[in-house]
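Asker: Contents of model-v2.txt (compact mmCIF, C-alpha atoms):
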```txt
# COMPACT_ATOMS: atom_id res chain seq x y z
CA MET F 1 18.44 37.99 6.57
CA SER F 2 21.90 38.53 8.03
CA ALA F 3 24.77 36.16 7.29
CA PRO F 4 24.87 34.65 10.83
CA LYS F 5 21.15 33.96 10.74
CA LYS F 6 21.43 32.39 7.31
CA ARG F 7 24.18 30.12 8.56
CA THR F 8 22.10 29.22 11.61
CA LEU F 9 19.05 28.42 9.50
CA LEU F 10 21.02 26.37 6.99
CA GLY F 11 22.76 24.53 9.83
CA LEU F 12 19.45 23.72 11.48
CA LEU F 13 18.00 22.43 8.22
CA GLY F 14 21.12 20.39 7.59
CA VAL F 15 21.04 18.81 11.04
CA THR F 16 17.34 17.99 10.69
CA SER F 17 17.83 16.37 7.29
CA THR F 18 20.92 14.47 8.38
CA LEU F 19 19.25 13.09 11.51
CA ALA F 20 16.24 11.99 9.49
CA LEU F 21 18.39 10.25 6.91
CA LEU F 22 20.55 8.58 9.54
CA SER F 23 17.53 7.38 11.47
CA GLY F 24 15.98 5.97 8.30
CA CYS F 25 19.18 4.15 7.34
CA SER F 26 20.07 2.80 10.76
CA LEU F 27 16.67 1.33 11.62
CA LYS F 28 15.20 -1.79 10.14
CA SER F 29 11.59 -1.71 9.01
CA ASP F 30 10.66 -4.01 11.91
CA ASP F 31 12.05 -1.42 14.36
CA ILE F 32 9.85 1.35 12.96
CA SER F 33 6.18 1.71 13.73
CA GLY F 34 3.84 0.28 11.12
CA MET F 35 1.90 3.57 11.33
CA GLY F 36 -1.41 1.77 10.90
CA TYR F 37 -0.05 -0.68 8.33
CA PRO F 38 -0.64 -4.35 9.25
CA LYS F 39 2.69 -6.18 9.62
CA ASN F 40 3.59 -9.81 8.91
CA VAL F 41 0.17 -10.73 7.52
CA SER F 42 1.10 -11.45 3.90
CA SER F 43 4.07 -11.24 1.55
CA VAL F 44 2.53 -8.10 0.03
CA ASN F 45 2.55 -6.42 3.44
CA ASP F 46 6.19 -7.41 3.95
CA ILE F 47 7.20 -5.95 0.57
CA SER F 48 5.21 -2.73 0.93
CA LEU F 49 5.91 -1.99 4.61
CA SER F 50 9.27 -0.26 4.08
CA LEU F 51 7.77 1.86 1.27
CA TRP F 52 4.91 2.91 3.55
CA GLN F 53 7.29 3.78 6.39
CA GLY F 54 9.72 5.59 4.07
CA ALA F 55 6.91 7.72 2.66
CA TRP F 56 5.83 8.76 6.17
CA ILE F 57 9.42 9.53 7.20
CA ALA F 58 9.96 11.61 4.05
CA ALA F 59 6.69 13.44 4.68
CA GLY F 60 7.77 14.13 8.26
CA VAL F 61 11.15 15.52 7.17
CA VAL F 62 9.52 17.75 4.55
CA GLY F 63 6.93 18.88 7.09
CA VAL F 64 9.56 19.81 9.70
CA ILE F 65 11.66 21.74 7.19
CA THR F 66 8.57 23.53 5.85
CA LEU F 67 7.49 24.45 9.39
CA ILE F 68 10.94 25.88 10.14
CA LEU F 69 10.89 27.92 6.93
CA ILE F 70 7.48 29.33 7.88
CA LEU F 71 8.19 30.08 11.53
CA TRP F 72 11.69 31.51 11.08
CA PRO F 73 10.71 34.65 9.12
CA ALA F 74 7.40 34.96 10.97
CA ILE F 75 9.17 35.18 14.36
CA PHE F 76 12.66 36.60 13.84
CA HIS F 77 12.03 38.98 10.95
CA ARG F 78 8.90 40.37 12.57
CA LYS F 79 10.81 41.00 15.81
CA ASN F 80 13.68 42.78 14.04
CA ASP F 81 11.40 44.86 11.81
CA GLU F 82 9.31 45.96 14.80
CA LYS F 83 12.46 47.12 16.61
CA LYS F 84 13.58 49.13 13.62
CA GLY F 85 10.11 50.44 12.95
CA GLU F 86 10.53 49.59 9.29
CA PHE F 87 8.20 47.95 6.83
CA PRO F 88 9.70 44.59 5.73
CA LYS F 89 11.46 44.62 2.42
CA GLN F 90 9.21 43.31 -0.34
CA THR F 91 10.72 41.00 -2.95
CA GLN F 92 8.73 40.20 -6.07
CA TYR F 93 11.02 37.57 -7.52
CA ASN F 94 13.67 35.29 -6.12
CA ILE F 95 14.85 33.09 -8.96
CA PRO F 96 17.14 30.78 -6.90
CA ILE F 97 14.36 30.05 -4.39
CA GLU F 98 11.82 29.45 -7.15
CA ILE F 99 14.22 27.01 -8.83
CA VAL F 100 14.67 25.17 -5.53
CA TYR F 101 10.87 25.04 -5.02
CA THR F 102 10.57 23.46 -8.46
CA ILE F 103 13.45 20.99 -8.28
CA VAL F 104 12.88 19.67 -4.73
CA PRO F 105 9.28 18.46 -5.32
CA PHE F 106 10.41 16.90 -8.60
CA ILE F 107 13.16 14.99 -6.79
CA ILE F 108 10.74 13.84 -4.07
CA VAL F 109 8.23 12.56 -6.64
CA ALA F 110 10.99 10.87 -8.68
CA VAL F 111 12.38 9.06 -5.62
CA LEU F 112 8.92 7.91 -4.49
CA PHE F 113 8.12 6.77 -8.03
CA TYR F 114 11.40 4.81 -8.24
CA PHE F 115 10.85 2.89 -5.01
CA THR F 116 7.16 2.36 -5.80
CA ALA F 117 8.06 0.84 -9.17
CA ILE F 118 10.56 -1.52 -7.51
CA LYS F 119 8.03 -2.68 -4.90
CA GLU F 120 5.31 -3.06 -7.51
CA SER F 121 7.52 -5.26 -9.67
CA GLU F 122 8.13 -7.51 -6.64
CA ILE F 123 4.43 -7.73 -5.81
CA VAL F 124 3.24 -8.60 -9.33
CA ASP F 125 6.13 -11.00 -9.98
CA LEU F 126 4.68 -14.14 -11.56
CA LYS F 127 7.97 -15.67 -12.72
CA THR F 128 8.55 -17.47 -9.43
CA PRO F 129 6.57 -20.74 -9.48
CA ALA F 130 3.69 -20.81 -7.00
CA GLN F 131 2.98 -23.78 -4.75
CA HIS F 132 -0.78 -23.58 -5.24
CA GLU F 133 -3.35 -22.17 -7.65
CA ILE F 134 -6.79 -20.77 -6.95
CA THR F 135 -9.27 -19.23 -9.37
CA VAL F 136 -11.42 -16.27 -8.35
CA GLU F 137 -14.47 -15.36 -10.41
CA GLY F 138 -16.66 -12.40 -9.59
CA ILE F 139 -20.38 -12.88 -10.23
CA GLN F 140 -23.35 -10.67 -9.53
CA TRP F 141 -23.41 -10.71 -6.56
CA SER F 142 -20.96 -13.09 -4.92
CA TRP F 143 -17.78 -15.06 -5.53
CA GLN F 144 -16.73 -18.37 -6.98
CA PHE F 145 -13.45 -19.94 -5.81
CA GLY F 146 -11.92 -22.84 -7.69
CA TYR F 147 -9.15 -25.20 -6.56
CA PRO F 148 -7.55 -26.81 -9.64
CA GLU F 149 -5.52 -29.12 -7.40
CA ALA F 150 -8.76 -30.89 -6.53
CA GLY F 151 -10.01 -31.04 -10.12
CA LYS F 152 -11.87 -28.72 -12.48
CA ASN F 153 -15.16 -29.27 -10.67
CA ALA F 154 -13.80 -28.31 -7.25
CA VAL F 155 -15.56 -24.97 -7.11
CA VAL F 156 -17.10 -23.17 -4.15
CA THR F 157 -19.85 -20.73 -5.14
CA GLY F 158 -21.24 -18.19 -2.73
CA THR F 159 -24.46 -16.20 -2.64
CA PRO F 160 -25.31 -12.84 -1.06
CA GLU F 161 -27.09 -14.74 1.71
CA ASN F 162 -24.29 -17.29 2.15
CA PRO F 163 -20.88 -15.67 1.43
CA PRO F 164 -18.12 -18.14 0.51
CA THR F 165 -14.86 -18.79 2.36
CA LEU F 166 -11.51 -18.72 0.56
CA TYR F 167 -9.01 -21.15 2.11
CA MET F 168 -5.27 -20.44 1.94
CA PRO F 169 -2.27 -22.32 3.37
CA GLN F 170 -0.03 -20.43 5.76
CA GLY F 171 3.48 -19.73 4.48
CA GLU F 172 2.93 -21.17 0.98
CA SER F 173 2.61 -19.06 -2.16
CA VAL F 174 -0.66 -19.04 -4.07
CA ARG F 175 -1.24 -17.79 -7.61
CA PHE F 176 -4.72 -16.40 -8.21
CA THR F 177 -6.37 -16.37 -11.61
CA ILE F 178 -8.93 -13.57 -11.46
CA THR F 179 -11.88 -13.29 -13.87
CA SER F 180 -15.47 -12.07 -14.14
CA ASN F 181 -18.43 -13.45 -16.08
CA ASP F 182 -20.51 -10.27 -16.14
CA VAL F 183 -19.25 -6.82 -15.02
CA VAL F 184 -16.12 -5.39 -13.41
CA HIS F 185 -15.58 -6.46 -9.81
CA GLY F 186 -12.74 -5.84 -7.36
CA PHE F 187 -11.10 -8.73 -5.47
CA TRP F 188 -9.97 -7.01 -2.26
CA ILE F 189 -8.50 -8.36 0.98
CA PRO F 190 -7.75 -5.27 3.12
CA ALA F 191 -5.59 -7.04 5.73
CA PHE F 192 -3.35 -8.47 3.00
CA MET F 193 -3.09 -5.12 1.19
CA ILE F 194 -4.04 -6.67 -2.13
CA GLN F 195 -6.60 -5.61 -4.71
CA MET F 196 -7.04 -6.86 -8.26
CA GLN F 197 -9.84 -6.18 -10.72
CA ASN F 198 -12.05 -8.97 -12.03
CA LEU F 199 -12.56 -8.01 -15.69
CA PRO F 200 -15.05 -9.70 -18.04
CA ASP F 201 -12.80 -9.34 -21.09
CA ARG F 202 -9.41 -10.39 -19.71
CA THR F 203 -7.70 -12.54 -17.08
CA ASN F 204 -5.63 -11.02 -14.29
CA HIS F 205 -3.16 -12.75 -12.00
CA ILE F 206 -1.67 -12.02 -8.60
CA GLN F 207 0.57 -14.15 -6.43
CA PHE F 208 1.28 -13.84 -2.72
CA THR F 209 1.75 -15.74 0.52
CA ALA F 210 -0.43 -15.53 3.63
CA ASN F 211 1.77 -15.50 6.72
CA LYS F 212 -0.69 -15.30 9.59
CA LEU F 213 -3.27 -17.86 10.68
CA GLY F 214 -6.78 -16.58 11.12
CA THR F 215 -9.90 -15.37 9.34
CA PHE F 216 -9.87 -12.11 7.40
CA PRO F 217 -12.69 -10.21 5.64
CA GLY F 218 -12.73 -9.69 1.90
CA ARG F 219 -15.09 -7.83 -0.39
CA CYS F 220 -15.67 -6.27 -3.77
CA ASN F 221 -14.40 -2.69 -3.81
CA ILE F 222 -15.79 -1.64 -7.19
CA LEU F 223 -19.44 -0.60 -7.57
CA CYS F 224 -20.80 -3.48 -9.64
CA GLY F 225 -24.56 -3.24 -9.31
CA ARG F 226 -27.54 -3.21 -7.00
CA ASN F 227 -26.23 -5.76 -4.47
CA HIS F 228 -22.60 -4.65 -4.54
CA THR F 229 -22.48 -4.30 -0.76
CA GLN F 230 -23.36 -7.98 -0.37
CA MET F 231 -20.33 -9.16 -2.36
CA ILE F 232 -18.36 -10.22 0.68
CA PHE F 233 -16.30 -13.28 1.53
CA LYS F 234 -13.96 -14.59 4.19
CA VAL F 235 -10.34 -15.63 3.85
CA LYS F 236 -9.36 -18.44 6.19
CA VAL F 237 -5.62 -19.02 6.52
CA VAL F 238 -4.94 -22.52 7.83
CA THR F 239 -1.89 -24.73 8.24
CA PRO F 240 -0.62 -26.51 5.11
CA GLU F 241 -1.88 -29.82 6.51
CA GLN F 242 -5.36 -28.40 7.07
CA TYR F 243 -5.33 -26.91 3.59
CA GLN F 244 -4.48 -30.26 2.03
CA ARG F 245 -7.34 -31.88 3.94
CA TYR F 246 -9.70 -29.17 2.70
CA VAL F 247 -8.57 -29.64 -0.92
CA TYR F 248 -8.99 -33.40 -0.55
CA SER F 249 -12.53 -32.90 0.76
CA LEU F 250 -13.35 -30.86 -2.35
CA LYS F 251 -11.87 -33.61 -4.54
CA VAL F 252 -14.06 -36.22 -2.88
CA CYS F 253 -17.17 -34.06 -3.22
CA ALA F 254 -16.39 -33.26 -6.86
```
What do you get writing this file as structure tokens?

Answerer:
Amino acid sequence: MSAPKKRTLLGLLGVTSTLALLSGCSLKSDDISGMGYPKNVSSVNDISLSLWQGAWIAAGVVGVITLILILWPAIFHRKNDEKKGEFPKQTQYNIPIEIVYTIVPFIIVAVLFYFTAIKESEIVDLKTPAQHEITVEGIQWSWQFGYPEAGKNAVVTGTPENPPTLYMPQGESVRFTITSNDVVHGFWIPAFMIQMQNLPDRTNHIQFTANKLGTFPGRCNILCGRNHTQMIFKVKVVTPEQYQRYVYSLKVCA
């Protein structure tokens, strides 16, 4: 490749990278498309959204640069070699390029790992006191939700024929204590972007806030036996006042 063409290629790559970086820095996550990721549904969504968007932007930048590197020699070198009637020069090794091909993916993975670790530490943070507590026990083949605020007997148990409903207050943090009394289950609420395993030999915890009123589907996402597909439940996010009335109703019934 001639010196002018090299400079042109490098300049084009530089402009592409700079524009991508500037666009990523100048826009807030709310200004960028969610790219299929549900926004403003839970605190987990809010924490993870920028990571999701950043990963897509990084993938787009890498894809554009890779496409340029593929098309440039395929178009311009082919045209020049056909004019000269020469067979393109064959190069077996190019140490600088091979070093770049090794270092760049390593840097990409390291950056993604760094930001993923930061977001994960925010999501699993249990040091901040929660406003409410709910227990979630997986059973073959349904769910049992307990509300300690209403007493130890305030438990709602579902069946495959009658799936239970998990009530949550809007805008208030809830700490979940997640267990299993038989096999491994998976407590999964897709809209909230949360998943935590129910293990028979240990207790797991997760804490988050539901931001949006409404009813959302939940299910077990780990194959746990014959009726695994029937391990479904609903999450109903209500106002704090409605939640308190619901907890009080459980206390009266208990």

Asker: Write out as a list in words which residues come within 7 Å of Lys236 (chain F) when counting all atoms listed in the file, dropping same-chain ones fewer than 3 positions away.

Answerer: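 Listing them by chain and then by number gives Thr165, Leu166, Tyr167, Met168, Gly214, Thr215 and Phe216 of chain F.
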
Asker: Kindly provide, as an MDAnalysis selection string, the polymer residues lying within 9 Å of (-3.1, -3.1, 8.9), counting only C-alpha atoms and using the coordinates exactly as they appear in the file.

Answerer: chainID F and resid 34:39 41 45 190:193

Asker: For Glu149 (chain F), which residue among F:Asn40, F:Thr128, F:Thr203, F:Gln244 is the nearest when counting all atoms listed in the file?

Answerer: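 When distances to Glu149 (chain F) are compared using all atoms listed in the file, the smallest one comes from F:Gln244.
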
Asker: Contacts of Trp52 (chain F) at 12 Å or less, counting all atoms listed in the file, minus same-chain residues fewer than 2 places along, as a ChimeraX atom specification?

Answerer: /F:29,32-39,44-50,54-59,112,115-116,119,193

Asker: Using CA of Gln207 (chain F) and CA of Gln140 (chain F) as the two end points, give the distance in Å to one decimal.

Answerer: 24.4 Å

Asker: Kindly give the distance, in Å, that separates CA of Glu137 (chain F) and CA of Gln197 (chain F), rounded to a single decimal.

Answerer: 10.3 Å

Asker: Counting only C-alpha atoms, I want the residues whose atoms come within 12 Å of (-0.8, -14.6, -10.1) in the file frame, returned as a PyMOL selection string.

Answerer: chain F and resi 122-136+173-179+194-196+203-209

Asker: Can I get the selection written as an mmCIF file, in the frame of the given file, with C-alpha atoms?

Answerer:
```cif
data_model
loop_
_atom_site.group_PDB
_atom_site.id
_atom_site.type_symbol
_atom_site.label_atom_id
_atom_site.label_comp_id
_atom_site.auth_asym_id
_atom_site.auth_seq_id
_atom_site.Cartn_x
_atom_site.Cartn_y
_atom_site.Cartn_z
ATOM 1 C CA GLU F 122 8.130 -7.510 -6.640
ATOM 2 C CA ILE F 123 4.430 -7.730 -5.810
ATOM 3 C CA VAL F 124 3.240 -8.600 -9.330
ATOM 4 C CA ASP F 125 6.130 -11.000 -9.980
ATOM 5 C CA LEU F 126 4.680 -14.140 -11.560
ATOM 6 C CA LYS F 127 7.970 -15.670 -12.720
ATOM 7 C CA THR F 128 8.550 -17.470 -9.430
ATOM 8 C CA PRO F 129 6.570 -20.740 -9.480
ATOM 9 C CA ALA F 130 3.690 -20.810 -7.000
ATOM 10 C CA GLN F 131 2.980 -23.780 -4.750
ATOM 11 C CA HIS F 132 -0.780 -23.580 -5.240
ATOM 12 C CA GLU F 133 -3.350 -22.170 -7.650
ATOM 13 C CA ILE F 134 -6.790 -20.770 -6.950
ATOM 14 C CA THR F 135 -9.270 -19.230 -9.370
ATOM 15 C CA VAL F 136 -11.420 -16.270 -8.350
ATOM 16 C CA SER F 173 2.610 -19.060 -2.160
ATOM 17 C CA VAL F 174 -0.660 -19.040 -4.070
ATOM 18 C CA ARG F 175 -1.240 -17.790 -7.610
ATOM 19 C CA PHE F 176 -4.720 -16.400 -8.210
ATOM 20 C CA THR F 177 -6.370 -16.370 -11.610
ATOM 21 C CA ILE F 178 -8.930 -13.570 -11.460
ATOM 22 C CA THR F 179 -11.880 -13.290 -13.870
ATOM 23 C CA ILE F 194 -4.040 -6.670 -2.130
ATOM 24 C CA GLN F 195 -6.600 -5.610 -4.710
ATOM 25 C CA MET F 196 -7.040 -6.860 -8.260
ATOM 26 C CA THR F 203 -7.700 -12.540 -17.080
ATOM 27 C CA ASN F 204 -5.630 -11.020 -14.290
ATOM 28 C CA HIS F 205 -3.160 -12.750 -12.000
ATOM 29 C CA ILE F 206 -1.670 -12.020 -8.600
ATOM 30 C CA GLN F 207 0.570 -14.150 -6.430
ATOM 31 C CA PHE F 208 1.280 -13.840 -2.720
ATOM 32 C CA THR F 209 1.750 -15.740 0.520
#
```

Asker: Could you check the closest approach to Ser249 (chain F) for each of F:Ile97, F:Ala110, F:Ile118, F:Ala150 and tell me which residue wins, using all atoms listed in the file?

Answerer: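 Counting all atoms listed in the file, the residue closest to Ser249 (chain F) is F:Ala150.
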
Asker: Quick one: residues within 12 Å of Gly138 (chain F), only C-alpha atoms counted, chain neighbours fewer than 5 positions away excluded, as number ranges by chain?

Answerer: F: 143-146, 157-159, 164, 177-188, 196-200, 203, 219-222, 224, 228, 231-233

Asker: Could you write out that same residue set with C-alpha atoms as a PDB file, in the coordinates of the input?

Answerer:
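Okay, again10.pdb is ready:
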```
ATOM      1  CA  TRP F 143     -17.780 -15.060  -5.530  1.00  0.00           C
ATOM      2  CA  GLN F 144     -16.730 -18.370  -6.980  1.00  0.00           C
ATOM      3  CA  PHE F 145     -13.450 -19.940  -5.810  1.00  0.00           C
ATOM      4  CA  GLY F 146     -11.920 -22.840  -7.690  1.00  0.00           C
ATOM      5  CA  THR F 157     -19.850 -20.730  -5.140  1.00  0.00           C
ATOM      6  CA  GLY F 158     -21.240 -18.190  -2.730  1.00  0.00           C
ATOM      7  CA  THR F 159     -24.460 -16.200  -2.640  1.00  0.00           C
ATOM      8  CA  PRO F 164     -18.120 -18.140   0.510  1.00  0.00           C
ATOM      9  CA  THR F 177      -6.370 -16.370 -11.610  1.00  0.00           C
ATOM     10  CA  ILE F 178      -8.930 -13.570 -11.460  1.00  0.00           C
ATOM     11  CA  THR F 179     -11.880 -13.290 -13.870  1.00  0.00           C
ATOM     12  CA  SER F 180     -15.470 -12.070 -14.140  1.00  0.00           C
ATOM     13  CA  ASN F 181     -18.430 -13.450 -16.080  1.00  0.00           C
ATOM     14  CA  ASP F 182     -20.510 -10.270 -16.140  1.00  0.00           C
ATOM     15  CA  VAL F 183     -19.250  -6.820 -15.020  1.00  0.00           C
ATOM     16  CA  VAL F 184     -16.120  -5.390 -13.410  1.00  0.00           C
ATOM     17  CA  HIS F 185     -15.580  -6.460  -9.810  1.00  0.00           C
ATOM     18  CA  GLY F 186     -12.740  -5.840  -7.360  1.00  0.00           C
ATOM     19  CA  PHE F 187     -11.100  -8.730  -5.470  1.00  0.00           C
ATOM     20  CA  TRP F 188      -9.970  -7.010  -2.260  1.00  0.00           C
ATOM     21  CA  MET F 196      -7.040  -6.860  -8.260  1.00  0.00           C
ATOM     22  CA  GLN F 197      -9.840  -6.180 -10.720  1.00  0.00           C
ATOM     23  CA  ASN F 198     -12.050  -8.970 -12.030  1.00  0.00           C
ATOM     24  CA  LEU F 199     -12.560  -8.010 -15.690  1.00  0.00           C
ATOM     25  CA  PRO F 200     -15.050  -9.700 -18.040  1.00  0.00           C
ATOM     26  CA  THR F 203      -7.700 -12.540 -17.080  1.00  0.00           C
ATOM     27  CA  ARG F 219     -15.090  -7.830  -0.390  1.00  0.00           C
ATOM     28  CA  CYS F 220     -15.670  -6.270  -3.770  1.00  0.00           C
ATOM     29  CA  ASN F 221     -14.400  -2.690  -3.810  1.00  0.00           C
ATOM     30  CA  ILE F 222     -15.790  -1.640  -7.190  1.00  0.00           C
ATOM     31  CA  CYS F 224     -20.800  -3.480  -9.640  1.00  0.00           C
ATOM     32  CA  HIS F 228     -22.600  -4.650  -4.540  1.00  0.00           C
ATOM     33  CA  MET F 231     -20.330  -9.160  -2.360  1.00  0.00           C
ATOM     34  CA  ILE F 232     -18.360 -10.220   0.680  1.00  0.00           C
ATOM     35  CA  PHE F 233     -16.300 -13.280   1.530  1.00  0.00           C
TER      36      PHE F 233
END
```

Asker: I want to know what sits within 6 Å of Val238 (chain F), based on only C-alpha atoms, with residues of the same chain fewer than 2 positions away left out; could you give that as a list in words?

Answerer: Pro169, Gln170, Leu213 and Gln242 of chain F
